[in-house]
file data_31.cif (mmCIF, N, CA and C atoms)
data_model
loop_
_atom_site.label_atom_id
_atom_site.label_comp_id
_atom_site.auth_asym_id
_atom_site.auth_seq_id
_atom_site.Cartn_x
_atom_site.Cartn_y
_atom_site.Cartn_z
N MET F 3 0.85 -1.17 0.00
CA MET F 3 0.00 0.00 0.00
C MET F 3 0.90 1.24 0.00
N LYS F 4 0.64 2.16 -0.91
CA LYS F 4 1.43 3.37 -1.03
C LYS F 4 0.59 4.58 -0.63
N HIS F 5 1.09 5.38 0.32
CA HIS F 5 0.38 6.57 0.77
C HIS F 5 0.73 7.75 -0.12
N PHE F 6 -0.30 8.48 -0.53
CA PHE F 6 -0.09 9.69 -1.30
C PHE F 6 -0.32 10.95 -0.48
N LEU F 7 -1.27 10.90 0.45
CA LEU F 7 -1.61 12.11 1.18
C LEU F 7 -2.16 11.76 2.56
N ASP F 8 -1.62 12.39 3.55
CA ASP F 8 -2.17 12.40 4.90
C ASP F 8 -2.30 13.88 5.23
N TYR F 9 -3.51 14.38 5.32
CA TYR F 9 -3.73 15.81 5.45
C TYR F 9 -4.86 16.06 6.44
N THR F 10 -4.67 17.05 7.31
CA THR F 10 -5.72 17.49 8.22
C THR F 10 -6.15 18.88 7.80
N SER F 11 -7.43 19.03 7.48
CA SER F 11 -7.95 20.32 7.03
C SER F 11 -8.01 21.30 8.20
N PRO F 12 -8.18 22.58 7.92
CA PRO F 12 -8.29 23.57 9.01
C PRO F 12 -9.47 23.30 9.94
N THR F 13 -10.47 22.58 9.46
CA THR F 13 -11.62 22.26 10.30
C THR F 13 -11.40 21.02 11.16
N GLY F 14 -10.24 20.36 11.00
CA GLY F 14 -9.92 19.20 11.82
C GLY F 14 -10.24 17.86 11.19
N ILE F 15 -10.81 17.86 10.00
CA ILE F 15 -11.13 16.60 9.33
C ILE F 15 -9.85 16.04 8.72
N GLU F 16 -9.60 14.76 8.96
CA GLU F 16 -8.39 14.12 8.46
C GLU F 16 -8.69 13.43 7.13
N HIS F 17 -7.79 13.62 6.17
CA HIS F 17 -7.95 13.05 4.83
C HIS F 17 -6.78 12.12 4.55
N TYR F 18 -7.07 10.93 4.03
CA TYR F 18 -6.04 9.97 3.70
C TYR F 18 -6.28 9.47 2.28
N ILE F 19 -5.24 9.45 1.48
CA ILE F 19 -5.34 8.91 0.13
C ILE F 19 -4.18 7.93 -0.04
N HIS F 20 -4.50 6.72 -0.49
CA HIS F 20 -3.46 5.73 -0.73
C HIS F 20 -3.89 4.80 -1.86
N VAL F 21 -2.93 4.03 -2.34
CA VAL F 21 -3.18 3.07 -3.41
C VAL F 21 -2.97 1.67 -2.87
N SER F 22 -3.93 0.82 -3.14
CA SER F 22 -3.83 -0.58 -2.77
C SER F 22 -4.08 -1.38 -4.04
N ASP F 23 -3.09 -2.14 -4.47
CA ASP F 23 -3.13 -2.86 -5.75
C ASP F 23 -3.36 -1.84 -6.87
N ASP F 24 -4.48 -1.91 -7.55
CA ASP F 24 -4.75 -0.97 -8.64
C ASP F 24 -5.90 -0.03 -8.29
N GLU F 25 -6.12 0.19 -7.00
CA GLU F 25 -7.27 0.97 -6.55
C GLU F 25 -6.82 2.19 -5.74
N LEU F 26 -7.36 3.35 -6.09
CA LEU F 26 -7.11 4.58 -5.35
C LEU F 26 -8.18 4.68 -4.26
N ILE F 27 -7.76 4.78 -3.02
CA ILE F 27 -8.68 4.80 -1.89
C ILE F 27 -8.56 6.14 -1.18
N THR F 28 -9.70 6.80 -0.98
CA THR F 28 -9.73 8.05 -0.22
C THR F 28 -10.58 7.82 1.02
N GLU F 29 -10.11 8.33 2.13
CA GLU F 29 -10.84 8.22 3.39
C GLU F 29 -10.85 9.57 4.07
N GLU F 30 -11.93 9.84 4.76
CA GLU F 30 -12.03 11.03 5.59
C GLU F 30 -12.46 10.59 6.98
N PHE F 31 -11.88 11.22 7.96
CA PHE F 31 -12.17 10.88 9.34
C PHE F 31 -12.39 12.16 10.13
N THR F 32 -13.50 12.23 10.83
CA THR F 32 -13.78 13.38 11.69
C THR F 32 -13.50 12.98 13.13
N PRO F 33 -12.49 13.57 13.76
CA PRO F 33 -12.19 13.24 15.15
C PRO F 33 -13.36 13.57 16.07
N THR F 34 -13.43 12.89 17.18
CA THR F 34 -14.50 13.08 18.15
C THR F 34 -14.61 14.53 18.60
N ALA F 35 -13.48 15.21 18.76
CA ALA F 35 -13.51 16.61 19.20
C ALA F 35 -14.24 17.48 18.19
N VAL F 36 -14.07 17.21 16.90
CA VAL F 36 -14.77 17.99 15.87
C VAL F 36 -16.26 17.67 15.90
N ASP F 37 -16.60 16.37 16.01
CA ASP F 37 -18.01 15.99 16.12
C ASP F 37 -18.65 16.65 17.34
N ASP F 38 -17.94 16.65 18.46
CA ASP F 38 -18.47 17.26 19.69
C ASP F 38 -18.69 18.76 19.51
N ALA F 39 -17.78 19.43 18.81
CA ALA F 39 -17.93 20.87 18.57
C ALA F 39 -19.15 21.14 17.68
N ILE F 40 -19.37 20.29 16.69
CA ILE F 40 -20.54 20.44 15.82
C ILE F 40 -21.82 20.25 16.61
N LEU F 41 -21.87 19.22 17.45
CA LEU F 41 -23.07 18.97 18.26
C LEU F 41 -23.30 20.09 19.28
N LYS F 42 -22.21 20.62 19.84
CA LYS F 42 -22.33 21.74 20.80
C LYS F 42 -22.89 22.98 20.10
N HIS F 43 -22.42 23.23 18.88
CA HIS F 43 -22.91 24.37 18.10
C HIS F 43 -24.40 24.19 17.78
N ALA F 44 -24.80 23.00 17.38
CA ALA F 44 -26.22 22.73 17.09
C ALA F 44 -27.07 22.95 18.34
N LYS F 45 -26.58 22.50 19.50
CA LYS F 45 -27.32 22.69 20.75
C LYS F 45 -27.46 24.17 21.09
N HIS F 46 -26.39 24.93 20.86
CA HIS F 46 -26.44 26.38 21.11
C HIS F 46 -27.52 27.03 20.24
N ILE F 47 -27.54 26.69 18.97
CA ILE F 47 -28.57 27.26 18.08
C ILE F 47 -29.96 26.83 18.54
N ARG F 48 -30.10 25.55 18.86
CA ARG F 48 -31.39 24.99 19.28
C ARG F 48 -31.90 25.65 20.56
N ASP F 49 -31.00 25.84 21.53
CA ASP F 49 -31.41 26.34 22.85
C ASP F 49 -31.49 27.86 22.93
N ASP F 50 -30.55 28.55 22.27
CA ASP F 50 -30.43 29.99 22.47
C ASP F 50 -30.90 30.85 21.31
N ILE F 51 -30.82 30.35 20.10
CA ILE F 51 -31.14 31.18 18.94
C ILE F 51 -32.49 30.84 18.33
N ALA F 52 -32.73 29.56 18.07
CA ALA F 52 -33.96 29.14 17.37
C ALA F 52 -35.24 29.58 18.08
N PRO F 53 -35.33 29.48 19.41
CA PRO F 53 -36.59 29.90 20.05
C PRO F 53 -36.91 31.39 19.86
N LYS F 54 -35.90 32.20 19.60
CA LYS F 54 -36.10 33.64 19.44
C LYS F 54 -36.35 34.04 18.00
N SER F 55 -36.16 33.09 17.06
CA SER F 55 -36.30 33.40 15.64
C SER F 55 -37.76 33.60 15.28
N THR F 56 -37.99 34.52 14.38
CA THR F 56 -39.32 34.73 13.84
C THR F 56 -39.22 34.78 12.32
N GLY F 57 -40.33 34.72 11.67
CA GLY F 57 -40.31 34.81 10.22
C GLY F 57 -40.46 33.44 9.58
N GLY F 58 -40.40 33.43 8.26
CA GLY F 58 -40.66 32.21 7.51
C GLY F 58 -39.50 31.24 7.44
N LEU F 59 -38.26 31.74 7.35
CA LEU F 59 -37.11 30.85 7.23
C LEU F 59 -36.57 30.51 8.60
N ARG F 60 -36.08 29.27 8.71
CA ARG F 60 -35.45 28.89 9.96
C ARG F 60 -34.33 27.90 9.68
N HIS F 61 -33.35 27.92 10.54
CA HIS F 61 -32.22 27.01 10.45
C HIS F 61 -32.70 25.64 10.89
N ALA F 62 -32.39 24.59 10.13
CA ALA F 62 -32.94 23.27 10.44
C ALA F 62 -31.96 22.34 11.14
N ALA F 63 -30.69 22.32 10.69
CA ALA F 63 -29.75 21.36 11.25
C ALA F 63 -28.32 21.75 10.91
N VAL F 64 -27.40 21.18 11.67
CA VAL F 64 -25.98 21.27 11.39
C VAL F 64 -25.53 19.86 11.05
N ILE F 65 -25.10 19.66 9.81
CA ILE F 65 -24.76 18.31 9.35
C ILE F 65 -23.28 18.27 8.99
N PRO F 66 -22.50 17.45 9.70
CA PRO F 66 -21.07 17.31 9.34
C PRO F 66 -20.93 16.83 7.89
N ILE F 67 -19.90 17.28 7.21
CA ILE F 67 -19.74 16.97 5.79
C ILE F 67 -19.65 15.46 5.55
N ASN F 68 -19.00 14.72 6.43
CA ASN F 68 -18.90 13.28 6.24
C ASN F 68 -20.27 12.62 6.35
N THR F 69 -21.09 13.09 7.26
CA THR F 69 -22.46 12.57 7.40
C THR F 69 -23.27 12.91 6.16
N TYR F 70 -23.16 14.14 5.70
CA TYR F 70 -23.88 14.58 4.49
C TYR F 70 -23.49 13.72 3.29
N MET F 71 -22.20 13.48 3.11
CA MET F 71 -21.74 12.68 1.98
C MET F 71 -22.20 11.23 2.09
N ALA F 72 -22.24 10.69 3.30
CA ALA F 72 -22.74 9.32 3.50
C ALA F 72 -24.24 9.25 3.17
N TRP F 73 -25.00 10.27 3.58
CA TRP F 73 -26.43 10.31 3.25
C TRP F 73 -26.63 10.39 1.75
N LYS F 74 -25.84 11.25 1.10
CA LYS F 74 -25.96 11.43 -0.35
C LYS F 74 -25.66 10.12 -1.07
N LYS F 75 -24.62 9.40 -0.63
CA LYS F 75 -24.27 8.11 -1.23
C LYS F 75 -25.39 7.09 -1.01
N GLU F 76 -25.92 7.04 0.21
CA GLU F 76 -27.02 6.11 0.51
C GLU F 76 -28.23 6.41 -0.37
N TRP F 77 -28.54 7.69 -0.53
CA TRP F 77 -29.68 8.09 -1.36
C TRP F 77 -29.46 7.66 -2.81
N ARG F 78 -28.27 7.97 -3.36
CA ARG F 78 -27.98 7.62 -4.76
C ARG F 78 -28.08 6.12 -5.02
N GLU F 79 -27.51 5.34 -4.08
CA GLU F 79 -27.42 3.90 -4.28
C GLU F 79 -28.72 3.16 -4.00
N THR F 80 -29.56 3.71 -3.12
CA THR F 80 -30.73 2.95 -2.66
C THR F 80 -32.06 3.65 -2.88
N TYR F 81 -32.10 4.96 -2.70
CA TYR F 81 -33.40 5.63 -2.64
C TYR F 81 -33.68 6.66 -3.73
N ALA F 82 -32.77 6.90 -4.64
CA ALA F 82 -32.94 7.95 -5.65
C ALA F 82 -34.18 7.73 -6.51
N ASP F 83 -34.54 6.48 -6.73
CA ASP F 83 -35.72 6.20 -7.55
C ASP F 83 -37.01 6.18 -6.73
N VAL F 84 -36.88 6.36 -5.40
CA VAL F 84 -38.05 6.33 -4.51
C VAL F 84 -38.38 7.72 -3.98
N PHE F 85 -37.35 8.46 -3.52
CA PHE F 85 -37.54 9.77 -2.91
C PHE F 85 -36.69 10.81 -3.63
N THR F 86 -37.13 12.06 -3.61
CA THR F 86 -36.26 13.14 -4.04
C THR F 86 -35.20 13.33 -2.96
N TRP F 87 -34.09 13.99 -3.34
CA TRP F 87 -33.03 14.23 -2.36
C TRP F 87 -33.55 15.03 -1.18
N SER F 88 -34.35 16.07 -1.42
CA SER F 88 -34.83 16.90 -0.31
C SER F 88 -35.73 16.12 0.63
N THR F 89 -36.54 15.22 0.11
CA THR F 89 -37.38 14.38 0.97
C THR F 89 -36.53 13.45 1.80
N PHE F 90 -35.55 12.81 1.17
CA PHE F 90 -34.67 11.89 1.89
C PHE F 90 -33.89 12.62 2.99
N GLU F 91 -33.35 13.80 2.65
CA GLU F 91 -32.60 14.58 3.63
C GLU F 91 -33.47 14.99 4.81
N THR F 92 -34.70 15.38 4.53
CA THR F 92 -35.65 15.74 5.59
C THR F 92 -35.93 14.54 6.48
N MET F 93 -36.09 13.37 5.87
CA MET F 93 -36.31 12.14 6.64
C MET F 93 -35.13 11.87 7.56
N LYS F 94 -33.92 12.05 7.05
CA LYS F 94 -32.72 11.82 7.86
C LYS F 94 -32.65 12.81 9.03
N ILE F 95 -32.92 14.08 8.74
CA ILE F 95 -32.87 15.10 9.80
C ILE F 95 -33.94 14.83 10.86
N ASN F 96 -35.11 14.37 10.43
CA ASN F 96 -36.21 14.10 11.36
C ASN F 96 -36.03 12.80 12.13
N SER F 97 -35.13 11.94 11.69
CA SER F 97 -34.90 10.67 12.36
C SER F 97 -34.42 10.89 13.79
N SER F 98 -34.90 10.07 14.70
CA SER F 98 -34.46 10.20 16.10
C SER F 98 -32.97 9.92 16.23
N ASP F 99 -32.38 9.17 15.29
CA ASP F 99 -30.94 8.91 15.32
C ASP F 99 -30.13 10.19 15.12
N ASN F 100 -30.73 11.19 14.47
CA ASN F 100 -30.02 12.43 14.15
C ASN F 100 -30.59 13.64 14.89
N LYS F 101 -31.30 13.42 15.97
CA LYS F 101 -31.95 14.52 16.68
C LYS F 101 -30.95 15.54 17.22
N ASN F 102 -29.72 15.12 17.53
CA ASN F 102 -28.72 16.06 18.05
C ASN F 102 -28.19 17.01 16.98
N LEU F 103 -28.44 16.69 15.71
CA LEU F 103 -28.02 17.57 14.62
C LEU F 103 -29.04 18.67 14.35
N ARG F 104 -30.28 18.46 14.78
CA ARG F 104 -31.33 19.46 14.54
C ARG F 104 -31.07 20.71 15.37
N THR F 105 -31.33 21.86 14.76
CA THR F 105 -31.15 23.11 15.48
C THR F 105 -32.49 23.78 15.78
N GLY F 106 -33.53 23.31 15.15
CA GLY F 106 -34.87 23.84 15.43
C GLY F 106 -35.46 23.17 16.64
N VAL F 107 -36.51 23.75 17.14
CA VAL F 107 -37.16 23.17 18.33
C VAL F 107 -38.15 22.07 17.95
N LYS F 108 -38.47 21.96 16.65
CA LYS F 108 -39.39 20.92 16.16
C LYS F 108 -38.77 20.20 14.99
N ARG F 109 -39.38 19.10 14.63
CA ARG F 109 -39.00 18.40 13.41
C ARG F 109 -39.46 19.20 12.21
N LEU F 110 -38.88 18.87 11.05
CA LEU F 110 -39.29 19.56 9.83
C LEU F 110 -40.59 19.00 9.29
#
call {"tool": "encode", "arguments": {"input": "data_31.cif", "output": "structure tokens"}}
result
Amino acid sequence: MKHFLDYTSPTGIEHYIHVSDDELITEEFTPTAVDDAILKHAKHIRDDIAPKSTGGLRHAAVIPINTYMAWKKEWRETYADVFTWSTFETMKINSSDNKNLRTGVKRL
């Protein structure tokens, strides 16, 4: 296995690119500290900002990029012919598994 890149972005996400046999493999890893910061930010919006918001638009969720990309891949591979992307994304945000990512006081 030959490594081409080990890189940590300014946001703390670690990126690894290597070659195994004839395959280029890319991996991204979000350390727990980054995940915790994202969840803390979502809680701050949910507890302190969202209840005071008025008007038609509202912030719905904070979704880490790795989670977003995994959802997008799952949708493309399994659900693209069943749901639109926006419906699938709404379902994911409303899921109890992802309740800590929501920034609103209610489900969408």
call {"tool": "atom_distance", "arguments": {"input": "data_31.cif", "atom1": "atom CA of F:Gly14", "atom2": "atom CA of F:Lys94"}}
result
24.3 Å
call {"tool": "residues_around", "arguments": {"input": "data_31.cif", "residues": "stretch 32-47 of chain F", "least_positions_apart": "3", "cutoff": "6 Å", "atoms": "all atoms listed in the file", "output": "VMD selection string"}}
result
chain F and resid 14 to 16 50 to 52 64 102 to 105
call {"tool": "select_by_dssp", "arguments": {"input": "data_31.cif", "residues": "stretch 19-104 of chain F", "states": "helix (DSSP H, G or I)", "output": "number ranges by chain"}}
result
F: 34-54, 67-81, 87-96, 98-103
call {"tool": "atom_distance", "arguments": {"input": "data_31.cif", "atom1": "atom CA of F:Ala62", "atom2": "atom CA of F:Gly106"}}
result
5.4 Å
call {"tool": "closest_residue", "arguments": {"input": "data_31.cif", "among": "F:Leu26, F:Val84, F:Lys101, F:Phe31", "to": "F:Thr13", "atoms": "only C-alpha atoms"}}
result
F:Phe31
call {"tool": "residues_around", "arguments": {"input": "data_31.cif", "residues": "F:Thr28", "least_positions_apart": "2", "cutoff": "8 Å", "atoms": "all atoms listed in the file", "output": "number ranges by chain"}}
result
F: 17-21, 25-26, 30-31
call {"tool": "residues_around", "arguments": {"input": "data_31.cif", "residues": "stretch 75-77 of chain F", "least_positions_apart": "5", "cutoff": "9 Å", "atoms": "only C-alpha atoms", "output": "compact mmCIF listing (two decimals) with N, CA and C atoms, in the coordinates of the input"}}
result
# COMPACT_ATOMS: atom_id res chain seq x y z
N TYR F 70 -23.16 14.14 5.70
CA TYR F 70 -23.88 14.58 4.49
C TYR F 70 -23.49 13.72 3.29
N ALA F 82 -32.77 6.90 -4.64
CA ALA F 82 -32.94 7.95 -5.65
C ALA F 82 -34.18 7.73 -6.51
N ASP F 83 -34.54 6.48 -6.73
CA ASP F 83 -35.72 6.20 -7.55
C ASP F 83 -37.01 6.18 -6.73
N PHE F 85 -37.35 8.46 -3.52
CA PHE F 85 -37.54 9.77 -2.91
C PHE F 85 -36.69 10.81 -3.63
N THR F 86 -37.13 12.06 -3.61
CA THR F 86 -36.26 13.14 -4.04
C THR F 86 -35.20 13.33 -2.96
N TRP F 87 -34.09 13.99 -3.34
CA TRP F 87 -33.03 14.23 -2.36
C TRP F 87 -33.55 15.03 -1.18
N PHE F 90 -35.55 12.81 1.17
CA PHE F 90 -34.67 11.89 1.89
C PHE F 90 -33.89 12.62 2.99
N GLU F 91 -33.35 13.80 2.65
CA GLU F 91 -32.60 14.58 3.63
C GLU F 91 -33.47 14.99 4.81
call {"tool": "atom_distance", "arguments": {"input": "data_31.cif", "atom1": "atom CA of F:Asp24", "atom2": "atom CA of F:Leu7"}}
result
16.7 Å
